[in-house]
$ cat upload-v6.tsv   # TSV, C-alpha atoms
chain	number	residue	atom	x	y	z
P	1	MET	CA	-2.86	1.17	-0.94
P	2	THR	CA	-6.14	1.27	-2.55
P	3	TYR	CA	-7.51	0.47	0.87
P	4	TYR	CA	-6.07	3.63	2.40
P	5	VAL	CA	-7.65	5.90	-0.16
P	6	TYR	CA	-10.95	4.02	0.00
P	7	LYS	CA	-10.97	4.58	3.73
P	8	VAL	CA	-10.27	8.30	3.30
P	9	ILE	CA	-13.26	8.67	1.01
P	10	ASN	CA	-15.51	6.38	2.98
P	11	SER	CA	-14.81	8.14	6.27
P	12	THR	CA	-16.39	11.38	5.02
P	13	GLY	CA	-19.96	12.36	4.28
P	14	VAL	CA	-21.40	12.37	0.77
P	15	GLU	CA	-20.72	16.09	0.25
P	16	ALA	CA	-17.18	15.71	1.54
P	17	GLN	CA	-16.67	12.74	-0.77
P	18	GLU	CA	-17.60	14.91	-3.72
P	19	GLN	CA	-15.31	17.73	-2.56
P	20	THR	CA	-12.45	15.29	-2.02
P	21	ILE	CA	-12.72	14.02	-5.57
P	22	LYS	CA	-12.96	17.55	-6.97
P	23	ARG	CA	-10.07	18.90	-4.90
P	24	VAL	CA	-7.72	15.95	-5.15
P	25	ARG	CA	-7.73	14.05	-8.40
P	26	LEU	CA	-6.91	10.79	-6.72
P	27	ARG	CA	-4.60	8.44	-8.51
P	28	LEU	CA	-3.52	5.13	-7.13
P	29	VAL	CA	-0.72	2.66	-7.58
P	30	THR	CA	-1.06	-0.63	-5.63
P	31	ASN	CA	1.13	-3.53	-5.27
P	32	MET	CA	0.80	-1.28	-6.75
P	33	HIS	CA	-2.33	0.81	-8.13
P	34	THR	CA	-2.09	4.14	-10.21
P	35	ASP	CA	-4.43	6.46	-12.05
P	36	ALA	CA	-3.27	7.31	-15.56
P	37	GLY	CA	-3.77	10.48	-17.54
P	38	ASP	CA	-3.44	10.91	-21.30
P	39	ASP	CA	-0.50	13.32	-21.17
P	40	PHE	CA	2.06	14.26	-18.55
P	41	SER	CA	3.15	17.76	-19.61
P	42	GLU	CA	5.40	20.18	-17.72
P	43	SER	CA	2.39	22.29	-16.74
P	44	CYS	CA	0.64	19.21	-15.37
P	45	ARG	CA	3.77	18.14	-13.47
P	46	SER	CA	3.65	21.29	-11.35
P	47	THR	CA	0.42	20.10	-9.68
P	48	GLU	CA	1.26	16.39	-9.46
P	49	HIS	CA	2.20	15.21	-5.99
P	50	PHE	CA	3.34	11.62	-5.46
P	51	VAL	CA	2.34	10.15	-2.09
P	52	LEU	CA	4.21	6.95	-1.20
P	53	VAL	CA	2.36	4.69	1.24
P	54	HIS	CA	4.18	1.70	2.69
P	55	GLY	CA	2.78	-1.75	3.40
P	56	ALA	CA	2.49	-3.66	6.66
P	57	GLY	CA	5.62	-3.61	8.81
P	58	HIS	CA	7.46	-1.17	6.57
P	59	GLY	CA	7.78	2.62	6.76
P	60	ALA	CA	8.61	5.64	4.64
P	61	TRP	CA	12.22	4.41	4.62
P	62	CYS	CA	11.43	1.59	2.15
P	63	TRP	CA	10.80	4.11	-0.65
P	64	PHE	CA	14.23	5.77	-0.55
P	65	ARG	CA	15.30	4.53	-4.00
P	66	LEU	CA	12.02	5.36	-5.76
P	67	LEU	CA	11.77	8.67	-3.92
P	68	ARG	CA	15.19	9.71	-5.21
P	69	LEU	CA	14.32	8.72	-8.79
P	70	LEU	CA	11.09	10.73	-8.67
P	71	GLN	CA	12.73	13.76	-7.10
P	72	ASP	CA	15.65	13.70	-9.54
P	73	SER	CA	13.18	13.77	-12.40
P	74	GLY	CA	11.54	16.92	-11.03
P	75	HIS	CA	8.51	15.49	-9.22
P	76	ARG	CA	7.17	16.46	-5.82
P	77	VAL	CA	7.11	13.46	-3.48
P	78	SER	CA	5.97	12.74	0.08
P	79	ALA	CA	6.57	9.44	1.89
P	80	VAL	CA	4.34	8.90	4.91
P	81	ASP	CA	4.97	6.84	8.05
P	82	LEU	CA	1.71	5.28	9.17
P	83	ALA	CA	1.12	4.79	12.89
P	84	GLY	CA	3.44	2.15	14.32
P	85	ALA	CA	6.00	2.36	11.50
P	86	ALA	CA	9.69	2.81	12.29
P	87	GLY	CA	9.53	6.54	11.54
P	88	SER	CA	6.53	7.17	13.76
P	89	LEU	CA	6.56	7.63	17.51
P	90	VAL	CA	3.64	5.24	17.99
P	91	ASP	CA	3.97	1.76	19.47
P	92	PRO	CA	2.18	-0.60	17.04
P	93	ASN	CA	0.65	-2.33	20.07
P	94	HIS	CA	-1.17	0.89	20.88
P	95	VAL	CA	-2.84	1.20	17.47
P	96	ARG	CA	-6.40	0.13	18.17
P	97	SER	CA	-8.14	0.82	14.84
P	98	PHE	CA	-7.58	1.38	11.15
P	99	ASP	CA	-8.42	5.05	11.72
P	100	ASP	CA	-5.53	5.29	14.20
P	101	TYR	CA	-3.18	3.57	11.78
P	102	ASN	CA	-4.27	5.71	8.87
P	103	ALA	CA	-4.26	9.10	10.67
P	104	PRO	CA	-0.85	10.27	9.33
P	105	LEU	CA	-2.06	9.76	5.75
P	106	LEU	CA	-5.26	11.70	6.43
P	107	ASP	CA	-3.20	14.52	7.93
P	108	LEU	CA	-0.95	14.57	4.87
P	109	MET	CA	-3.92	14.66	2.49
P	110	ALA	CA	-5.47	17.52	4.45
P	111	SER	CA	-2.23	19.49	4.12
P	112	LEU	CA	-2.01	19.24	0.32
P	113	PRO	CA	-2.54	22.62	-1.38
P	114	ALA	CA	-5.84	23.11	-3.18
P	115	GLY	CA	-5.45	22.03	-6.79
P	116	ASP	CA	-2.77	19.45	-6.14
P	117	LYS	CA	-3.35	16.12	-7.87
P	118	ALA	CA	-2.27	13.33	-5.55
P	119	ILE	CA	-0.83	10.17	-7.12
P	120	PHE	CA	-0.91	7.45	-4.49
P	121	ILE	CA	1.68	4.69	-4.75
P	122	ALA	CA	1.10	2.09	-2.10
P	123	ALA	CA	1.87	-1.51	-1.35
P	124	THR	CA	-1.02	-3.97	-1.20
P	125	MET	CA	-2.56	-4.53	2.22
P	126	LEU	CA	-3.28	-8.24	1.76
P	127	GLN	CA	-6.72	-9.14	3.12
P	128	PHE	CA	-7.45	-5.74	4.66
P	129	GLY	CA	-10.43	-3.99	3.13
P	130	TYR	CA	-12.26	-7.02	1.81
P	131	GLN	CA	-15.97	-7.25	2.46
P	132	THR	CA	-16.96	-10.91	2.34
P	133	GLU	CA	-15.63	-14.18	3.76
P	134	GLN	CA	-14.59	-15.26	0.26
P	135	ASP	CA	-12.74	-11.99	-0.21
P	136	ILE	CA	-10.83	-12.66	2.99
P	137	LYS	CA	-10.08	-16.25	1.98
P	138	ASP	CA	-8.78	-15.06	-1.38
P	139	GLY	CA	-6.67	-12.33	0.17
P	140	VAL	CA	-4.97	-14.06	3.11
P	141	PRO	CA	-1.39	-15.10	2.18
P	142	ASP	CA	-0.67	-18.83	2.38
P	143	LEU	CA	2.82	-19.12	3.85
P	144	SER	CA	2.34	-22.63	5.23
P	145	GLU	CA	5.18	-24.04	3.13
P	146	HIS	CA	7.61	-22.02	5.26
P	147	GLY	CA	6.24	-23.18	8.60
P	148	ASP	CA	5.49	-20.82	11.48
P	149	VAL	CA	6.60	-17.47	10.08
P	150	TYR	CA	4.94	-15.00	12.44
P	151	ASP	CA	5.77	-13.62	15.88
P	152	LEU	CA	2.78	-12.34	17.83
P	153	THR	CA	2.88	-9.63	20.50
P	154	PHE	CA	0.34	-9.66	23.32
P	155	GLY	CA	0.47	-6.05	24.40
P	156	LEU	CA	-2.61	-6.35	26.62
P	157	GLY	CA	-1.48	-9.55	28.30
P	158	ALA	CA	-1.54	-13.25	27.49
P	159	ASP	CA	-5.26	-13.48	28.27
P	160	HIS	CA	-6.10	-11.04	25.48
P	161	PRO	CA	-5.87	-11.29	21.68
P	162	PRO	CA	-2.52	-10.34	20.11
P	163	THR	CA	-2.01	-6.64	19.43
P	164	ALA	CA	0.73	-6.84	16.79
P	165	VAL	CA	2.33	-9.34	14.42
P	166	ALA	CA	5.71	-9.49	12.68
P	167	LEU	CA	7.38	-11.67	10.07
P	168	ARG	CA	10.25	-13.51	11.75
P	169	LYS	CA	13.70	-12.32	10.69
P	170	GLU	CA	14.79	-15.66	9.28
P	171	PHE	CA	11.91	-15.55	6.78
P	172	GLN	CA	12.06	-11.92	5.75
P	173	ARG	CA	14.51	-12.27	2.88
P	174	ILE	CA	13.10	-15.48	1.40
P	175	ILE	CA	9.51	-14.20	1.49
P	176	LEU	CA	9.81	-10.45	0.94
P	177	TYR	CA	13.18	-9.72	-0.65
P	178	GLN	CA	14.53	-12.77	-2.48
P	179	GLN	CA	15.47	-10.72	-5.57
P	180	SER	CA	16.51	-7.59	-3.71
P	181	PRO	CA	20.11	-6.48	-2.99
P	182	GLN	CA	21.52	-7.96	0.19
P	183	GLU	CA	22.21	-4.51	1.63
P	184	ASP	CA	18.57	-3.51	1.20
P	185	SER	CA	17.21	-6.60	2.88
P	186	ALA	CA	19.76	-6.09	5.68
P	187	LEU	CA	18.46	-2.55	6.13
P	188	ALA	CA	14.91	-3.87	6.18
P	189	SER	CA	15.77	-6.43	8.87
P	190	ILE	CA	16.77	-3.53	11.11
P	191	LEU	CA	13.82	-1.25	10.34
P	192	LEU	CA	10.89	-3.64	9.89
P	193	ARG	CA	8.45	-3.43	12.78
P	194	PRO	CA	5.41	-5.43	13.88
P	195	TRP	CA	2.17	-4.22	12.34
P	196	PRO	CA	-1.01	-3.66	14.37
P	197	MET	CA	-3.48	-6.54	14.50
P	198	ALA	CA	-6.22	-3.89	14.38
P	199	LEU	CA	-5.65	-3.70	10.61
P	200	SER	CA	-7.37	-7.04	10.14
P	201	THR	CA	-10.64	-5.52	11.33
P	202	ALA	CA	-10.79	-2.94	8.53
P	203	ARG	CA	-13.75	-3.39	6.20
P	204	PHE	CA	-14.83	-0.95	3.53
P	205	THR	CA	-18.56	-0.86	3.03
P	206	GLY	CA	-20.95	2.01	2.52
P	207	ASP	CA	-24.06	2.36	4.63
P	208	ASP	CA	-25.89	4.27	1.92
P	209	GLY	CA	-24.86	2.07	-0.98
P	210	GLY	CA	-22.94	4.93	-2.55
P	211	PHE	CA	-19.46	3.82	-1.55
P	212	GLU	CA	-18.69	1.63	-4.54
P	213	SER	CA	-19.83	4.27	-7.02
P	214	VAL	CA	-17.52	6.85	-5.45
P	215	ILE	CA	-14.55	4.50	-5.54
P	216	ASP	CA	-15.28	3.56	-9.13
P	217	ARG	CA	-14.52	7.14	-10.12
P	218	VAL	CA	-10.89	6.64	-9.15
P	219	ARG	CA	-8.96	5.26	-12.08
P	220	ARG	CA	-6.45	2.62	-11.02
P	221	VAL	CA	-3.54	0.70	-12.51
P	222	TYR	CA	-2.44	-2.50	-10.79
P	223	ILE	CA	1.22	-3.48	-11.06
P	224	LYS	CA	1.60	-7.20	-10.41
P	225	THR	CA	4.77	-8.63	-8.92
P	226	ALA	CA	5.11	-11.99	-10.66
P	227	ASN	CA	7.55	-13.63	-8.22
P	228	ASP	CA	5.84	-12.39	-5.08
P	229	ARG	CA	5.98	-14.95	-2.26
P	230	MET	CA	3.96	-12.85	0.17
P	231	VAL	CA	1.02	-11.81	-2.00
P	232	GLN	CA	1.10	-14.65	-4.50
P	233	PRO	CA	-0.16	-14.32	-8.09
P	234	GLU	CA	-3.54	-15.96	-7.38
P	235	GLN	CA	-4.11	-13.54	-4.49
P	236	GLN	CA	-3.19	-10.60	-6.67
P	237	GLU	CA	-5.69	-11.85	-9.24
P	238	ALA	CA	-8.35	-12.00	-6.52
P	239	MET	CA	-7.69	-8.33	-5.72
P	240	ILE	CA	-7.91	-7.42	-9.39
P	241	ARG	CA	-11.28	-9.18	-9.66
P	242	ARG	CA	-12.51	-7.49	-6.49
P	243	TRP	CA	-11.65	-3.96	-7.66
P	244	PRO	CA	-11.00	-4.11	-11.43
P	245	PRO	CA	-8.32	-1.58	-12.43
P	246	SER	CA	-8.12	0.36	-15.68
P	247	LYS	CA	-4.91	-1.43	-16.58
P	248	VAL	CA	-2.75	-4.28	-15.27
P	249	MET	CA	1.03	-4.11	-15.62
P	250	VAL	CA	3.51	-6.82	-14.63
P	251	MET	CA	6.95	-6.78	-13.05
P	252	ASP	CA	9.11	-9.91	-12.91
P	253	THR	CA	10.09	-9.18	-9.31
P	254	ASP	CA	9.69	-10.19	-5.70
P	255	HIS	CA	7.30	-8.56	-3.22
P	256	SER	CA	9.51	-5.47	-2.95
P	257	PRO	CA	10.22	-3.88	-6.36
P	258	PHE	CA	11.13	-0.64	-4.56
P	259	PHE	CA	14.32	-2.56	-3.69
P	260	SER	CA	14.67	-5.21	-6.40
P	261	ALA	CA	13.80	-3.09	-9.47
P	262	PRO	CA	13.33	0.59	-8.53
P	263	GLU	CA	14.21	1.89	-12.01
P	264	LEU	CA	11.68	-0.43	-13.67
P	265	LEU	CA	9.03	0.53	-11.11
P	266	PHE	CA	9.79	4.21	-11.72
P	267	ASN	CA	9.46	3.78	-15.50
P	268	LEU	CA	6.19	1.87	-15.22
P	269	ILE	CA	4.72	4.52	-12.96
P	270	LEU	CA	5.63	7.30	-15.39
P	271	LYS	CA	4.38	5.23	-18.32
P	272	SER	CA	1.01	4.90	-16.66
P	273	LEU	CA	0.56	8.67	-16.17

$ encode --input "upload-v6.tsv" --output "structure tokens"
Amino acid sequence: MTYYVYKVINSTGVEAQEQTIKRVRLRLVTNMHTDAGDDFSESCRSTEHFVLVHGAGHGAWCWFRLLRLLQDSGHRVSAVDLAGAAGSLVDPNHVRSFDDYNAPLLDLMASLPAGDKAIFIAATMLQFGYQTEQDIKDGVPDLSEHGDVYDLTFGLGADHPPTAVALRKEFQRIILYQQSPQEDSALASILLRPWPMALSTARFTGDDGGFESVIDRVRRVYIKTANDRMVQPEQQEAMIRRWPPSKVMVMDTDHSPFFSAPELLFNLILKSL
């Protein structure tokens, strides 16, 4: 999630970066990252807008429990389908760049009314967005204990690199949803889609050296998922070291707390505001 917002800021010029920060008081929740204010009053609530950003292979559908909890408590919420997700009309094999993948989020951000304060809640994007070889090594999930867990799609033909990748159905519950209700993991098995291989090419560096300083202005809270088999604790720690958050919170859940513990996730998010 952090990676999406970093890309939004980094894809603009310096003046636009400044205007983005002034116009949208970016808040993040990743795997989740969130910005926290000192007080969440009724007057503040009227300008807060939660933006739910799914992780690889998922879509806006995965947030249905958290979305309901936020809406029932009076918050404004938008859940976005990134390019190639089940709710989009884009074939993941046709997504050629991170900009293509990210376009629906950019469109949503551009549509937010002036003065809105966007709170981004987004699942971690694994290795995407790292800058160095060590970053990539730290971020790539080690699923070797499960064997060959991925299916590759060669949308351009067998003589070309794969265009999309998916977690095989027989591994989805044991890796992503081992603590989640059976009905939710069954729903996910229907709606999960391959994610574009183009995501692995995303890197977030600034040509003018100002990128890191801009990102550092965004206050973040990282919510760790202690029993995560996809992004394991040591990989989460590597992300925290790479982009230190303002606060680290912990959930005793699997990779998908939006299914396994939506009420706890909801309470932690509100506690961090």

$ closest_residue --input "upload-v6.tsv" --among "P:Tyr177, P:Asp81, P:Val95, P:Lys117" --to "Phe258 of chain P" --atoms "all atoms listed in the file"
P:Tyr177

$ atom_distance --input "upload-v6.tsv" --atom1 "atom CA of Val149 of chain P" --atom2 "atom CA of Tyr222 of chain P"
27.2 Å

$ closest_residue --input "upload-v6.tsv" --among "P:Lys224, P:Arg193, P:Arg173, P:His75" --to "Phe259 of chain P" --atoms "all atoms listed in the file"
P:Arg173

$ closest_residue --input "upload-v6.tsv" --among "P:Asn93, P:Trp195, P:Arg76, P:Leu176" --to "Leu156 of chain P" --atoms "only C-alpha atoms"
P:Asn93

$ residues_near_point --input "upload-v6.tsv" --point "(16.7, -9.0, 4.1)" --cutoff "9 Å" --atoms "all atoms listed in the file" --output "mmCIF file with C-alpha atoms, in the coordinates of the input"
data_model
loop_
_atom_site.group_PDB
_atom_site.id
_atom_site.type_symbol
_atom_site.label_atom_id
_atom_site.label_comp_id
_atom_site.auth_asym_id
_atom_site.auth_seq_id
_atom_site.Cartn_x
_atom_site.Cartn_y
_atom_site.Cartn_z
ATOM 1 C CA LYS P 169 13.700 -12.320 10.690
ATOM 2 C CA GLU P 170 14.790 -15.660 9.280
ATOM 3 C CA PHE P 171 11.910 -15.550 6.780
ATOM 4 C CA GLN P 172 12.060 -11.920 5.750
ATOM 5 C CA ARG P 173 14.510 -12.270 2.880
ATOM 6 C CA ILE P 174 13.100 -15.480 1.400
ATOM 7 C CA LEU P 176 9.810 -10.450 0.940
ATOM 8 C CA TYR P 177 13.180 -9.720 -0.650
ATOM 9 C CA GLN P 178 14.530 -12.770 -2.480
ATOM 10 C CA SER P 180 16.510 -7.590 -3.710
ATOM 11 C CA PRO P 181 20.110 -6.480 -2.990
ATOM 12 C CA GLN P 182 21.520 -7.960 0.190
ATOM 13 C CA GLU P 183 22.210 -4.510 1.630
ATOM 14 C CA ASP P 184 18.570 -3.510 1.200
ATOM 15 C CA SER P 185 17.210 -6.600 2.880
ATOM 16 C CA ALA P 186 19.760 -6.090 5.680
ATOM 17 C CA LEU P 187 18.460 -2.550 6.130
ATOM 18 C CA ALA P 188 14.910 -3.870 6.180
ATOM 19 C CA SER P 189 15.770 -6.430 8.870
ATOM 20 C CA ILE P 190 16.770 -3.530 11.110
#

$ residues_around --input "upload-v6.tsv" --residues "Pro196 of chain P" --least-positions-apart "3" --cutoff "9 Å" --atoms "all atoms listed in the file" --output "VMD selection string"
chain P and resid 56 to 57 83 to 84 91 to 98 101 162 to 165 199 to 200

$ closest_residue --input "upload-v6.tsv" --among "P:Leu264, P:Leu106, P:Met197, P:Val80" --to "Gly155 of chain P" --atoms "all atoms listed in the file"
P:Met197

$ atom_distance --input "upload-v6.tsv" --atom1 "atom CA of Ala166 of chain P" --atom2 "atom CA of Met249 of chain P"
29.2 Å

$ closest_residue --input "upload-v6.tsv" --among "P:Asn227, P:Gln179, P:Ser272, P:Asn102" --to "Ser246 of chain P" --atoms "all atoms listed in the file"
P:Ser272

$ closest_residue --input "upload-v6.tsv" --among "P:Leu167, P:Val90, P:Ala110, P:Ala123" --to "Trp63 of chain P" --atoms "only C-alpha atoms"
P:Ala123

$ residues_around --input "upload-v6.tsv" --residues "Val51 of chain P" --least-positions-apart "5" --cutoff "7 Å" --atoms "only C-alpha atoms" --output "list in words"
Val77, Ser78, Ala79, Ala118, Ile119, Phe120 and Ile121 of chain P

$ residues_around --input "upload-v6.tsv" --residues "Ala226 of chain P" --least-positions-apart "2" --cutoff "6 Å" --atoms "all atoms listed in the file" --output "list of chain:residue names"
P:Lys224, P:Asp228, P:Asp252, P:Thr253

$ atom_distance --input "upload-v6.tsv" --atom1 "atom CA of Ala261 of chain P" --atom2 "atom CA of Leu108 of chain P"
27.1 Å

$ build_atoms --input "upload-v6.tsv" --residues "segment 217-231 of chain P" --atoms "N, CA and C atoms" --output "compact mmCIF listing (two decimals), in the frame of the given file"
# COMPACT_ATOMS: atom_id res chain seq x y z
N ARG P 217 -14.95 5.96 -9.39
CA ARG P 217 -14.52 7.14 -10.12
C ARG P 217 -13.01 7.31 -10.11
N VAL P 218 -12.33 6.56 -9.24
CA VAL P 218 -10.89 6.64 -9.15
C VAL P 218 -10.27 5.65 -10.12
N ARG P 219 -9.58 6.15 -11.11
CA ARG P 219 -8.96 5.26 -12.08
C ARG P 219 -7.71 4.64 -11.46
N ARG P 220 -7.54 3.33 -11.66
CA ARG P 220 -6.45 2.62 -11.02
C ARG P 220 -5.68 1.77 -12.03
N VAL P 221 -4.39 1.65 -11.79
CA VAL P 221 -3.54 0.70 -12.51
C VAL P 221 -2.93 -0.23 -11.47
N TYR P 222 -3.00 -1.52 -11.72
CA TYR P 222 -2.44 -2.50 -10.79
C TYR P 222 -1.15 -3.04 -11.39
N ILE P 223 -0.07 -2.94 -10.63
CA ILE P 223 1.22 -3.48 -11.06
C ILE P 223 1.47 -4.78 -10.30
N LYS P 224 1.40 -5.88 -11.02
CA LYS P 224 1.60 -7.20 -10.41
C LYS P 224 3.09 -7.48 -10.23
N THR P 225 3.41 -8.17 -9.15
CA THR P 225 4.77 -8.63 -8.92
C THR P 225 4.76 -10.16 -9.08
N ALA P 226 5.30 -10.61 -10.21
CA ALA P 226 5.11 -11.99 -10.66
C ALA P 226 5.75 -13.02 -9.75
N ASN P 227 6.84 -12.67 -9.07
CA ASN P 227 7.55 -13.63 -8.22
C ASN P 227 7.31 -13.38 -6.74
N ASP P 228 6.19 -12.76 -6.45
CA ASP P 228 5.84 -12.39 -5.08
C ASP P 228 5.53 -13.63 -4.25
N ARG P 229 6.23 -13.81 -3.14
CA ARG P 229 5.98 -14.95 -2.26
C ARG P 229 5.09 -14.57 -1.08
N MET P 230 4.82 -13.30 -0.91
CA MET P 230 3.96 -12.85 0.17
C MET P 230 2.52 -12.73 -0.33
N VAL P 231 2.33 -11.93 -1.36
CA VAL P 231 1.02 -11.81 -2.00
C VAL P 231 1.15 -12.54 -3.34
